[in-house]
>>> print(open('data25.cif').read())   # mmCIF, C-alpha atoms and all ligand atoms
data_protein
#
loop_
_atom_site.label_atom_id
_atom_site.label_comp_id
_atom_site.auth_asym_id
_atom_site.auth_seq_id
_atom_site.Cartn_x
_atom_site.Cartn_y
_atom_site.Cartn_z
CA MET A 158 45.21 20.73 -194.01
CA ASN A 159 41.56 21.41 -194.92
CA LYS A 160 38.78 20.43 -192.56
CA ASN A 161 36.28 17.85 -193.70
CA THR A 162 32.72 19.11 -193.34
CA ALA A 163 31.11 15.74 -192.50
CA LEU A 164 30.27 15.30 -188.78
CA PRO A 165 31.49 13.54 -186.74
CA ARG A 166 34.66 12.75 -188.64
CA VAL A 167 38.36 12.10 -188.37
CA ALA A 168 39.92 15.48 -187.78
CA VAL A 169 42.43 16.84 -190.26
CA GLY A 170 43.47 20.46 -190.22
CA ASP A 171 43.64 20.57 -186.43
CA LEU A 172 46.59 20.72 -184.08
CA ARG A 173 45.44 18.19 -181.51
CA THR A 174 48.95 16.80 -181.11
CA ASP A 175 52.36 17.61 -182.57
CA LEU A 176 51.91 14.86 -185.12
CA ASP A 177 49.00 16.61 -186.83
CA LEU A 178 51.71 18.57 -188.63
CA THR A 179 53.58 16.44 -191.13
CA ARG A 180 57.34 16.86 -191.17
CA ASP A 181 57.08 18.96 -194.36
CA GLU A 182 54.41 21.13 -192.75
CA LEU A 183 56.60 21.50 -189.67
CA PHE A 184 59.52 22.81 -191.75
CA ALA A 185 57.17 25.10 -193.71
CA LEU A 186 55.69 26.46 -190.49
CA LEU A 187 59.10 27.22 -188.99
CA ASP A 188 60.22 28.99 -192.18
CA LEU A 189 56.99 30.99 -192.23
CA ALA A 190 57.38 31.89 -188.54
CA ALA A 191 60.88 33.22 -189.23
CA ALA A 192 59.54 35.27 -192.15
CA ILE A 193 56.75 36.68 -189.99
CA LYS A 194 59.22 37.53 -187.23
CA ALA A 195 61.45 39.36 -189.73
CA ASN A 196 58.63 41.31 -191.40
CA PRO A 197 55.49 41.25 -189.22
CA ARG A 198 53.85 44.13 -191.13
CA ASP A 199 53.76 42.04 -194.30
CA PHE A 200 51.20 39.85 -192.53
CA GLY A 201 49.14 42.69 -191.01
CA ARG A 202 45.97 41.84 -192.96
CA ALA A 203 46.56 38.13 -193.44
CA LEU A 204 43.68 37.13 -191.16
CA ASP A 205 41.33 39.98 -192.05
CA GLY A 206 37.89 39.28 -190.62
CA LYS A 207 38.87 35.94 -189.08
CA SER A 208 37.98 35.15 -185.50
CA ALA A 209 39.15 32.77 -182.79
CA ALA A 210 37.39 31.38 -179.72
CA MET A 211 39.82 30.76 -176.88
CA LEU A 212 38.51 28.16 -174.41
CA PHE A 213 40.80 27.96 -171.38
CA GLU A 214 40.21 25.65 -168.43
CA LYS A 215 43.57 26.58 -166.90
CA PRO A 216 45.43 29.87 -166.30
CA SER A 217 47.74 31.28 -168.96
CA LEU A 218 49.86 34.33 -169.64
CA ARG A 219 51.98 33.47 -172.72
CA THR A 220 49.55 31.27 -174.63
CA ARG A 221 46.57 33.52 -174.14
CA VAL A 222 48.32 36.79 -174.93
CA THR A 223 50.27 35.45 -177.90
CA PHE A 224 47.19 33.93 -179.54
CA GLU A 225 45.15 37.08 -178.91
CA MET A 226 47.95 39.30 -180.26
CA ALA A 227 48.54 36.96 -183.20
CA MET A 228 44.91 37.30 -184.26
CA ALA A 229 44.81 41.07 -183.66
CA GLN A 230 48.15 41.81 -185.37
CA MET A 231 47.02 39.95 -188.51
CA GLY A 232 43.65 41.74 -188.74
CA GLY A 233 41.49 39.19 -186.95
CA HIS A 234 40.06 39.10 -183.48
CA SER A 235 39.53 36.67 -180.62
CA THR A 236 37.16 36.08 -177.75
CA PHE A 237 38.24 34.48 -174.48
CA VAL A 238 36.11 32.01 -172.52
CA ALA A 239 37.50 30.83 -169.17
CA GLY A 240 36.24 27.89 -167.14
CA PRO A 241 35.43 24.19 -167.35
CA ILE A 242 34.73 22.80 -170.83
CA GLY A 243 31.88 20.33 -171.03
CA GLU A 244 30.32 21.02 -167.64
CA ARG A 245 27.47 23.37 -168.57
CA GLU A 246 26.84 21.56 -171.84
CA PRO A 247 28.47 18.65 -173.69
CA VAL A 248 31.78 19.34 -175.42
CA ARG A 249 30.31 18.23 -178.75
CA ASP A 250 27.54 20.83 -178.43
CA MET A 251 30.05 23.57 -177.62
CA ALA A 252 32.05 22.62 -180.71
CA ARG A 253 28.95 22.77 -182.92
CA ASN A 254 27.94 26.17 -181.55
CA LEU A 255 31.38 27.71 -181.84
CA ASP A 256 32.04 26.55 -185.39
CA ARG A 257 29.02 28.60 -186.51
CA TRP A 258 30.60 31.78 -185.16
CA VAL A 259 34.38 31.56 -185.38
CA ASP A 260 37.09 30.37 -187.75
CA VAL A 261 39.31 28.57 -185.24
CA ILE A 262 39.01 27.19 -181.70
CA VAL A 263 42.01 27.38 -179.37
CA ALA A 264 41.57 25.16 -176.30
CA ARG A 265 43.60 24.69 -173.11
CA THR A 266 42.21 21.66 -171.34
CA TYR A 267 42.92 19.26 -168.52
CA SER A 268 42.17 16.20 -170.61
CA GLN A 269 43.45 15.44 -174.10
CA ARG A 270 40.04 13.82 -174.68
CA THR A 271 38.41 17.27 -174.55
CA VAL A 272 40.65 18.53 -177.37
CA GLU A 273 39.91 15.40 -179.41
CA GLU A 274 36.15 15.78 -178.92
CA LEU A 275 36.19 19.46 -179.85
CA ALA A 276 38.15 18.58 -183.00
CA ASN A 277 35.90 15.65 -183.86
CA TYR A 278 32.75 17.77 -183.80
CA SER A 279 33.99 21.18 -184.98
CA ARG A 280 34.05 22.07 -188.67
CA VAL A 281 36.74 24.67 -187.99
CA PRO A 282 40.32 23.91 -186.88
CA VAL A 283 40.95 23.18 -183.22
CA ILE A 284 44.34 24.02 -181.71
CA ASN A 285 45.62 22.31 -178.57
CA ALA A 286 46.89 25.13 -176.36
CA LEU A 287 48.08 22.60 -173.72
CA SER A 288 46.50 19.44 -172.46
CA LYS A 289 47.64 16.90 -169.92
CA ASP A 290 49.61 15.04 -172.61
CA TYR A 291 50.81 17.64 -175.14
CA HIS A 292 51.87 21.27 -175.55
CA PRO A 293 52.45 21.44 -179.32
CA CYS A 294 52.39 25.24 -179.59
CA GLN A 295 55.18 25.41 -177.02
CA ALA A 296 57.29 22.90 -178.96
CA LEU A 297 56.97 25.00 -182.12
CA ALA A 298 58.39 28.04 -180.32
CA ASP A 299 61.10 25.89 -178.73
CA VAL A 300 62.45 24.54 -181.99
CA LEU A 301 62.12 27.97 -183.63
CA THR A 302 64.33 29.35 -180.84
CA ILE A 303 66.89 26.55 -181.22
CA ARG A 304 66.93 27.05 -185.01
CA GLN A 305 67.59 30.76 -184.61
CA GLU A 306 70.56 29.95 -182.40
CA PHE A 307 72.11 27.03 -184.28
CA GLY A 308 70.79 27.35 -187.84
CA ASN A 309 67.91 25.74 -189.71
CA ASP A 310 69.58 22.35 -190.01
CA LEU A 311 69.27 20.87 -186.53
CA ARG A 312 70.43 17.38 -187.43
CA GLY A 313 72.83 16.13 -184.77
CA LYS A 314 72.12 18.99 -182.36
CA LYS A 315 71.25 17.82 -178.85
CA VAL A 316 68.44 19.20 -176.69
CA THR A 317 68.05 17.86 -173.16
CA PHE A 318 64.86 18.25 -171.18
CA VAL A 319 65.53 17.97 -167.44
CA GLY A 320 62.57 17.46 -165.10
CA ASP A 321 59.12 15.95 -165.23
CA GLY A 322 58.50 13.92 -168.40
CA PHE A 323 54.99 15.13 -169.10
CA ASN A 324 53.28 17.33 -171.71
CA VAL A 325 56.11 19.77 -172.53
CA ALA A 326 58.63 16.92 -172.74
CA HIS A 327 56.25 14.81 -174.85
CA SER A 328 55.79 17.58 -177.41
CA LEU A 329 59.51 18.33 -177.54
CA MET A 330 60.21 14.62 -178.14
CA LEU A 331 57.67 14.40 -180.98
CA THR A 332 58.77 17.62 -182.67
CA ALA A 333 62.54 17.96 -182.22
CA THR A 334 63.30 14.34 -183.13
CA ARG A 335 61.55 14.84 -186.50
CA LEU A 336 63.92 17.74 -187.19
CA GLY A 337 66.84 15.36 -186.72
CA MET A 338 67.74 16.41 -183.20
CA GLU A 339 69.14 14.18 -180.49
CA VAL A 340 66.52 14.56 -177.78
CA CYS A 341 67.38 13.49 -174.27
CA VAL A 342 64.89 13.50 -171.39
CA ALA A 343 66.42 13.30 -167.91
CA THR A 344 63.91 12.61 -165.16
CA PRO A 345 63.92 11.18 -161.64
CA PRO A 346 62.93 7.49 -161.58
CA GLY A 347 59.16 7.22 -161.89
CA TYR A 348 58.72 10.55 -163.72
CA GLU A 349 59.70 9.38 -167.20
CA PRO A 350 57.55 10.27 -170.24
CA LYS A 351 54.57 8.01 -170.90
CA ARG A 352 55.56 4.69 -172.42
CA GLU A 353 53.39 5.22 -175.52
CA MET A 354 54.98 8.64 -176.12
CA ILE A 355 58.46 7.12 -175.96
CA VAL A 356 57.47 4.47 -178.49
CA LEU A 357 55.85 7.08 -180.72
CA ALA A 358 58.87 9.40 -180.54
CA HIS A 359 61.27 6.57 -181.41
CA THR A 360 59.09 5.82 -184.44
CA VAL A 361 58.75 9.37 -185.74
CA ALA A 362 62.42 10.16 -185.00
CA GLN A 363 63.27 7.92 -187.97
CA GLU A 364 61.54 10.43 -190.31
CA GLY A 365 64.28 12.96 -189.64
CA SER A 366 67.15 10.73 -188.47
CA GLY A 367 66.68 12.10 -184.96
CA SER A 368 66.99 10.12 -181.76
CA LEU A 369 65.56 9.88 -178.27
CA LYS A 370 67.27 8.89 -175.04
CA ILE A 371 65.66 8.65 -171.62
CA THR A 372 67.91 8.74 -168.55
CA ASN A 373 67.65 9.13 -164.78
CA ASP A 374 71.06 10.84 -164.63
CA PRO A 375 70.90 14.63 -165.15
CA VAL A 376 74.64 14.99 -165.70
CA GLU A 377 74.70 12.27 -168.33
CA GLY A 378 71.64 13.88 -169.93
CA VAL A 379 73.08 17.38 -170.14
CA THR A 380 76.58 16.40 -171.24
CA GLY A 381 77.17 17.61 -174.80
CA ALA A 382 73.80 19.37 -175.04
CA HIS A 383 73.34 22.41 -177.29
CA ALA A 384 70.14 23.34 -175.43
CA VAL A 385 69.11 22.56 -171.85
CA TYR A 386 65.42 22.84 -171.13
CA THR A 387 63.42 22.58 -167.93
CA ASP A 388 59.92 23.20 -166.60
CA VAL A 389 58.23 23.47 -163.22
CA TRP A 390 58.16 20.43 -160.93
CA PHE A 391 54.50 21.03 -160.05
CA SER A 392 52.18 21.44 -163.01
CA MET A 393 49.04 23.55 -162.82
CA GLY A 394 46.49 22.19 -160.36
CA GLU A 395 48.74 19.31 -159.28
CA GLN A 396 50.31 20.48 -156.00
CA THR A 397 50.33 16.99 -154.50
CA ASP A 398 53.06 15.11 -152.60
CA VAL A 399 55.05 18.34 -152.24
CA PRO A 400 57.86 17.14 -149.90
CA GLN A 401 58.32 13.89 -151.87
CA ARG A 402 58.43 15.62 -155.24
CA LEU A 403 60.88 18.23 -153.97
CA ALA A 404 63.15 15.44 -152.72
CA ASP A 405 62.81 13.51 -155.97
CA PHE A 406 63.47 16.48 -158.25
CA SER A 407 66.13 18.43 -156.31
CA PRO A 408 69.08 16.59 -158.00
CA PHE A 409 67.54 17.70 -161.31
CA GLN A 410 67.71 21.45 -160.67
CA VAL A 411 69.22 23.21 -163.68
CA ASN A 412 71.81 25.35 -161.91
CA GLU A 413 75.17 26.73 -162.99
CA ALA A 414 76.95 23.47 -162.09
CA LEU A 415 74.61 21.42 -164.29
CA MET A 416 74.74 23.96 -167.15
CA ALA A 417 78.54 23.68 -167.04
CA LYS A 418 78.21 20.05 -168.17
CA ALA A 419 76.57 21.16 -171.44
CA ARG A 420 78.48 22.51 -174.41
CA PRO A 421 80.10 25.94 -173.83
CA GLU A 422 77.74 27.49 -176.40
CA ALA A 423 74.65 25.80 -174.92
CA ILE A 424 71.49 27.82 -174.44
CA PHE A 425 69.01 27.55 -171.60
CA LEU A 426 65.29 27.21 -172.31
CA HIS A 427 62.23 27.23 -170.07
CA CYS A 428 58.62 27.32 -171.24
CA LEU A 429 57.70 29.53 -168.26
CA PRO A 430 56.29 30.33 -165.79
CA ALA A 431 59.32 29.36 -163.70
CA LYS A 432 59.60 28.70 -159.99
CA ARG A 433 62.97 30.29 -159.37
CA GLY A 434 64.96 28.33 -156.81
CA GLU A 435 63.22 25.05 -157.64
CA GLU A 436 63.72 23.67 -161.16
CA THR A 437 66.27 26.38 -161.97
CA THR A 438 68.04 29.35 -160.43
CA ASP A 439 68.12 33.12 -160.85
CA ALA A 440 71.72 32.80 -162.02
CA VAL A 441 70.81 30.49 -164.91
CA MET A 442 67.67 32.39 -165.88
CA GLU A 443 69.56 35.67 -166.01
CA SER A 444 72.74 34.23 -167.55
CA PRO A 445 74.01 35.07 -171.06
CA GLN A 446 73.04 31.49 -172.02
CA SER A 447 69.38 32.09 -171.21
CA ARG A 448 66.99 32.41 -174.16
CA ILE A 449 63.80 32.20 -172.13
CA PHE A 450 62.34 35.53 -173.25
CA GLU A 451 63.28 34.96 -176.89
CA GLU A 452 61.50 31.62 -176.56
CA ALA A 453 58.44 33.36 -175.10
CA GLU A 454 58.49 35.92 -177.93
CA ASN A 455 58.67 33.09 -180.44
CA ARG A 456 55.32 31.78 -179.19
CA LEU A 457 53.81 34.77 -181.03
CA HIS A 458 55.60 34.19 -184.34
CA ALA A 459 55.12 30.42 -184.35
CA GLN A 460 51.42 30.70 -183.57
CA LYS A 461 50.93 33.34 -186.26
CA ALA A 462 52.41 30.86 -188.73
CA LEU A 463 50.21 28.08 -187.36
CA LEU A 464 47.06 30.19 -187.66
CA LEU A 465 47.95 31.17 -191.22
CA MET A 466 48.52 27.55 -192.21
CA LEU A 467 45.33 26.28 -190.58
CA LEU A 468 43.12 29.11 -191.81
N1 LIG A 501 54.40 28.28 -171.50
C1 LIG A 501 53.09 28.52 -171.41
O1 LIG A 501 52.25 27.80 -171.97
O2 LIG A 501 52.79 29.63 -170.66
P1 LIG A 501 51.33 29.98 -170.13
O3 LIG A 501 50.92 28.85 -169.19
O4 LIG A 501 51.49 31.29 -169.40
O5 LIG A 501 50.41 30.08 -171.29
#
>>> encode(input="data25.cif", output="structure tokens")
Amino acid sequence: MNKNTALPRVAVGDLRTDLDLTRDELFALLDLAAAIKANPRDFGRALDGKSAAMLFEKPSLRTRVTFEMAMAQMGGHSTFVAGPIGEREPVRDMARNLDRWVDVIVARTYSQRTVEELANYSRVPVINALSKDYHPCQALADVLTIRQEFGNDLRGKKVTFVGDGFNVAHSLMLTATRLGMEVCVATPPGYEPKREMIVLAHTVAQEGSGSLKITNDPVEGVTGAHAVYTDVWFSMGEQTDVPQRLADFSPFQVNEALMAKARPEAIFLHCLPAKRGEETTDAVMESPQSRIFEEAENRLHAQKALLLMLL
């Protein structure tokens, strides 16, 4: 996972998408995250003197705070830069300034192309902290949470994502299938994951004997699930077609009736922030099945492991 120093170059040692981690690296990262969670003080000086630049074009609570705390709690530090990336100066120039000052760049962008360009020009690792197409850091925390509930061997366990088949669903598909999970994505017609992501997930699922199913029926999707996962119906900065989207998504609300179709021991996941009363309900979020705050906590442990592996 070392970066090549030639510029520009094919990036290795970045987390541009979920697939930048090999399956072996994914297992190693999850084991390391569990070890860090169990004994965080053992890693208190692991990033001594290391620094991170956090470039965020979009708002964040969990991703920002967990990366900042991850750096600080392991002896490093971070600096936060909010605003458009590539407007005041080209992305490739930003990358080649930042890599002279910091050890890792964490970027939350509108376009996946921005992450790719940062990674292509930076000599230090670049981490995708959410783009239009992927949220790989979220997927790491998601599978860490599912592992802690159902054990490290997730083969044959079913996770169902209910809602809009975009970045969070894409990353779940590309990560959980490689751990051998049955991943189901239940969306209204027209909101399915991108075609190329479905093809990619079917391909990588074979690495871990996992599977992927796409359905437009939320009940069929949730039936037999060990974990039911949802996300907001309106992603950041995309408050368009509000009445139409509400009509399209309302049958996909994860409420107590839909949760009852899952296995009795099923857990409820949400990447947060949530719009209570839309994609899910107070009753589900506050239910004994809910693991949403454990999942949010796991962002910290998973990202500590990621930083350690990349740095
Ligand atoms: N889940 C997640 O990425 O949260 P933030 O948008 O608050 O970072």
>>> atom_distance(input="data25.cif", atom1="CA of Asn254 (chain A)", atom2="CA of Thr266 (chain A)")
18.1 Å
>>> residues_near_ligand(input="data25.cif", ligand="ligand LIG 501 (chain A)", cutoff="6 Å", atoms="all atoms listed in the file", output="ChimeraX atom specification")
/A:217-221,428-429
>>> atom_distance(input="data25.cif", atom1="CA of Met211 (chain A)", atom2="CA of His292 (chain A)")
15.4 Å
>>> closest_residue(input="data25.cif", among="A:Thr380, A:Gln230, A:Gln460, A:Asn373", to="Leu172 (chain A)", atoms="all atoms listed in the file")
A:Gln460
>>> closest_residue(input="data25.cif", among="A:Phe406, A:Lys314, A:Gln396, A:Glu353", to="Ser368 (chain A)", atoms="all atoms listed in the file")
A:Lys314
>>> residues_around(input="data25.cif", residues="Leu255 (chain A)", least_positions_apart="4", cutoff="8 Å", atoms="only C-alpha atoms", output="PDB file with C-alpha atoms, in the frame of the given file")
ATOM      1  CA  ALA A 210      37.390  31.380-179.720  1.00  0.00           C
ATOM      2  CA  MET A 251      30.050  23.570-177.620  1.00  0.00           C
ATOM      3  CA  VAL A 259      34.380  31.560-185.380  1.00  0.00           C
ATOM      4  CA  ILE A 262      39.010  27.190-181.700  1.00  0.00           C
ATOM      5  CA  SER A 279      33.990  21.180-184.980  1.00  0.00           C
TER       6      SER A 279
END
>>> atom_distance(input="data25.cif", atom1="CA of Ala264 (chain A)", atom2="CA of Ala343 (chain A)")
28.8 Å
>>> axis_aligned_box(input="data25.cif", around="region 172-176 of chain A", padding_each_side="5 Å", output="lines of an AutoDock Vina configuration file")
center_x = 48.9
center_y = 17.8
center_z = -183.1
size_x = 16.9
size_y = 15.9
size_z = 14.0
>>> residues_near_point(input="data25.cif", point="(47.0, 42.0, -184.8)", cutoff="12 Å", atoms="only C-alpha atoms", output="short mmCIF file (atom, residue, chain, number, x, y, z; two decimals) with C-alpha atoms, in the frame of the given file")
data_model
loop_
_atom_site.label_atom_id
_atom_site.label_comp_id
_atom_site.auth_asym_id
_atom_site.auth_seq_id
_atom_site.Cartn_x
_atom_site.Cartn_y
_atom_site.Cartn_z
CA PRO A 197 55.49 41.25 -189.22
CA ARG A 198 53.85 44.13 -191.13
CA ASP A 199 53.76 42.04 -194.30
CA PHE A 200 51.20 39.85 -192.53
CA GLY A 201 49.14 42.69 -191.01
CA ARG A 202 45.97 41.84 -192.96
CA ALA A 203 46.56 38.13 -193.44
CA LEU A 204 43.68 37.13 -191.16
CA ASP A 205 41.33 39.98 -192.05
CA GLY A 206 37.89 39.28 -190.62
CA LYS A 207 38.87 35.94 -189.08
CA SER A 208 37.98 35.15 -185.50
CA VAL A 222 48.32 36.79 -174.93
CA THR A 223 50.27 35.45 -177.90
CA PHE A 224 47.19 33.93 -179.54
CA GLU A 225 45.15 37.08 -178.91
CA MET A 226 47.95 39.30 -180.26
CA ALA A 227 48.54 36.96 -183.20
CA MET A 228 44.91 37.30 -184.26
CA ALA A 229 44.81 41.07 -183.66
CA GLN A 230 48.15 41.81 -185.37
CA MET A 231 47.02 39.95 -188.51
CA GLY A 232 43.65 41.74 -188.74
CA GLY A 233 41.49 39.19 -186.95
CA HIS A 234 40.06 39.10 -183.48
CA SER A 235 39.53 36.67 -180.62
CA LEU A 457 53.81 34.77 -181.03
CA HIS A 458 55.60 34.19 -184.34
CA LYS A 461 50.93 33.34 -186.26
#
>>> build_atoms(input="data25.cif", residues="region 304-331 of chain A", atoms="N, CA and C atoms", output="PDB file, in the coordinates of the input")
ATOM      1  N   ARG A 304      66.515  26.794-183.619  1.00  0.00           N
ATOM      2  CA  ARG A 304      66.930  27.050-185.010  1.00  0.00           C
ATOM      3  C   ARG A 304      67.610  28.414-185.136  1.00  0.00           C
ATOM      4  N   GLN A 305      67.029  29.407-184.474  1.00  0.00           N
ATOM      5  CA  GLN A 305      67.590  30.760-184.610  1.00  0.00           C
ATOM      6  C   GLN A 305      68.961  30.847-183.969  1.00  0.00           C
ATOM      7  N   GLU A 306      69.256  29.953-183.058  1.00  0.00           N
ATOM      8  CA  GLU A 306      70.560  29.950-182.400  1.00  0.00           C
ATOM      9  C   GLU A 306      71.584  29.139-183.199  1.00  0.00           C
ATOM     10  N   PHE A 307      71.150  27.988-183.709  1.00  0.00           N
ATOM     11  CA  PHE A 307      72.110  27.030-184.280  1.00  0.00           C
ATOM     12  C   PHE A 307      71.921  26.786-185.776  1.00  0.00           C
ATOM     13  N   GLY A 308      71.007  27.528-186.402  1.00  0.00           N
ATOM     14  CA  GLY A 308      70.790  27.350-187.840  1.00  0.00           C
ATOM     15  C   GLY A 308      69.609  26.428-188.110  1.00  0.00           C
ATOM     16  N   ASN A 309      69.132  26.479-189.362  1.00  0.00           N
ATOM     17  CA  ASN A 309      67.910  25.740-189.710  1.00  0.00           C
ATOM     18  C   ASN A 309      68.104  24.232-189.738  1.00  0.00           C
ATOM     19  N   ASP A 310      69.331  23.791-189.963  1.00  0.00           N
ATOM     20  CA  ASP A 310      69.580  22.350-190.010  1.00  0.00           C
ATOM     21  C   ASP A 310      69.973  21.879-188.603  1.00  0.00           C
ATOM     22  N   LEU A 311      69.025  21.265-187.932  1.00  0.00           N
ATOM     23  CA  LEU A 311      69.270  20.870-186.530  1.00  0.00           C
ATOM     24  C   LEU A 311      69.717  19.426-186.393  1.00  0.00           C
ATOM     25  N   ARG A 312      69.999  18.778-187.516  1.00  0.00           N
ATOM     26  CA  ARG A 312      70.430  17.380-187.430  1.00  0.00           C
ATOM     27  C   ARG A 312      71.702  17.275-186.583  1.00  0.00           C
ATOM     28  N   GLY A 313      71.663  16.362-185.621  1.00  0.00           N
ATOM     29  CA  GLY A 313      72.830  16.130-184.770  1.00  0.00           C
ATOM     30  C   GLY A 313      72.961  17.087-183.597  1.00  0.00           C
ATOM     31  N   LYS A 314      72.098  18.091-183.523  1.00  0.00           N
ATOM     32  CA  LYS A 314      72.120  18.990-182.360  1.00  0.00           C
ATOM     33  C   LYS A 314      71.356  18.314-181.223  1.00  0.00           C
ATOM     34  N   LYS A 315      71.839  18.522-179.994  1.00  0.00           N
ATOM     35  CA  LYS A 315      71.250  17.820-178.850  1.00  0.00           C
ATOM     36  C   LYS A 315      70.477  18.791-177.957  1.00  0.00           C
ATOM     37  N   VAL A 316      69.230  18.447-177.671  1.00  0.00           N
ATOM     38  CA  VAL A 316      68.440  19.200-176.690  1.00  0.00           C
ATOM     39  C   VAL A 316      68.100  18.246-175.551  1.00  0.00           C
ATOM     40  N   THR A 317      68.336  18.697-174.326  1.00  0.00           N
ATOM     41  CA  THR A 317      68.050  17.860-173.160  1.00  0.00           C
ATOM     42  C   THR A 317      66.985  18.523-172.299  1.00  0.00           C
ATOM     43  N   PHE A 318      65.908  17.803-172.101  1.00  0.00           N
ATOM     44  CA  PHE A 318      64.860  18.250-171.180  1.00  0.00           C
ATOM     45  C   PHE A 318      65.144  17.617-169.830  1.00  0.00           C
ATOM     46  N   VAL A 319      65.217  18.458-168.790  1.00  0.00           N
ATOM     47  CA  VAL A 319      65.530  17.970-167.440  1.00  0.00           C
ATOM     48  C   VAL A 319      64.326  18.254-166.546  1.00  0.00           C
ATOM     49  N   GLY A 320      63.716  17.229-165.998  1.00  0.00           N
ATOM     50  CA  GLY A 320      62.570  17.460-165.100  1.00  0.00           C
ATOM     51  C   GLY A 320      61.508  16.413-165.258  1.00  0.00           C
ATOM     52  N   ASP A 321      60.263  16.859-165.221  1.00  0.00           N
ATOM     53  CA  ASP A 321      59.120  15.950-165.230  1.00  0.00           C
ATOM     54  C   ASP A 321      58.754  15.604-166.681  1.00  0.00           C
ATOM     55  N   GLY A 322      58.722  14.323-167.001  1.00  0.00           N
ATOM     56  CA  GLY A 322      58.500  13.920-168.400  1.00  0.00           C
ATOM     57  C   GLY A 322      57.043  13.921-168.778  1.00  0.00           C
ATOM     58  N   PHE A 323      56.419  15.094-168.742  1.00  0.00           N
ATOM     59  CA  PHE A 323      54.990  15.130-169.100  1.00  0.00           C
ATOM     60  C   PHE A 323      54.789  15.968-170.358  1.00  0.00           C
ATOM     61  N   ASN A 324      53.708  16.765-170.428  1.00  0.00           N
ATOM     62  CA  ASN A 324      53.280  17.330-171.710  1.00  0.00           C
ATOM     63  C   ASN A 324      54.360  18.098-172.490  1.00  0.00           C
ATOM     64  N   VAL A 325      55.100  18.975-171.822  1.00  0.00           N
ATOM     65  CA  VAL A 325      56.110  19.770-172.530  1.00  0.00           C
ATOM     66  C   VAL A 325      57.200  18.851-173.086  1.00  0.00           C
ATOM     67  N   ALA A 326      57.616  17.875-172.283  1.00  0.00           N
ATOM     68  CA  ALA A 326      58.630  16.920-172.740  1.00  0.00           C
ATOM     69  C   ALA A 326      58.094  16.071-173.889  1.00  0.00           C
ATOM     70  N   HIS A 327      56.840  15.619-173.766  1.00  0.00           N
ATOM     71  CA  HIS A 327      56.250  14.810-174.850  1.00  0.00           C
ATOM     72  C   HIS A 327      56.291  15.566-176.181  1.00  0.00           C
ATOM     73  N   SER A 328      55.856  16.819-176.156  1.00  0.00           N
ATOM     74  CA  SER A 328      55.790  17.580-177.410  1.00  0.00           C
ATOM     75  C   SER A 328      57.183  17.849-177.962  1.00  0.00           C
ATOM     76  N   LEU A 329      58.131  18.132-177.079  1.00  0.00           N
ATOM     77  CA  LEU A 329      59.510  18.330-177.540  1.00  0.00           C
ATOM     78  C   LEU A 329      60.037  17.060-178.213  1.00  0.00           C
ATOM     79  N   MET A 330      59.756  15.909-177.587  1.00  0.00           N
ATOM     80  CA  MET A 330      60.210  14.620-178.140  1.00  0.00           C
ATOM     81  C   MET A 330      59.638  14.396-179.542  1.00  0.00           C
ATOM     82  N   LEU A 331      58.354  14.706-179.709  1.00  0.00           N
ATOM     83  CA  LEU A 331      57.670  14.400-180.980  1.00  0.00           C
ATOM     84  C   LEU A 331      58.007  15.407-182.070  1.00  0.00           C
TER      85      LEU A 331
END
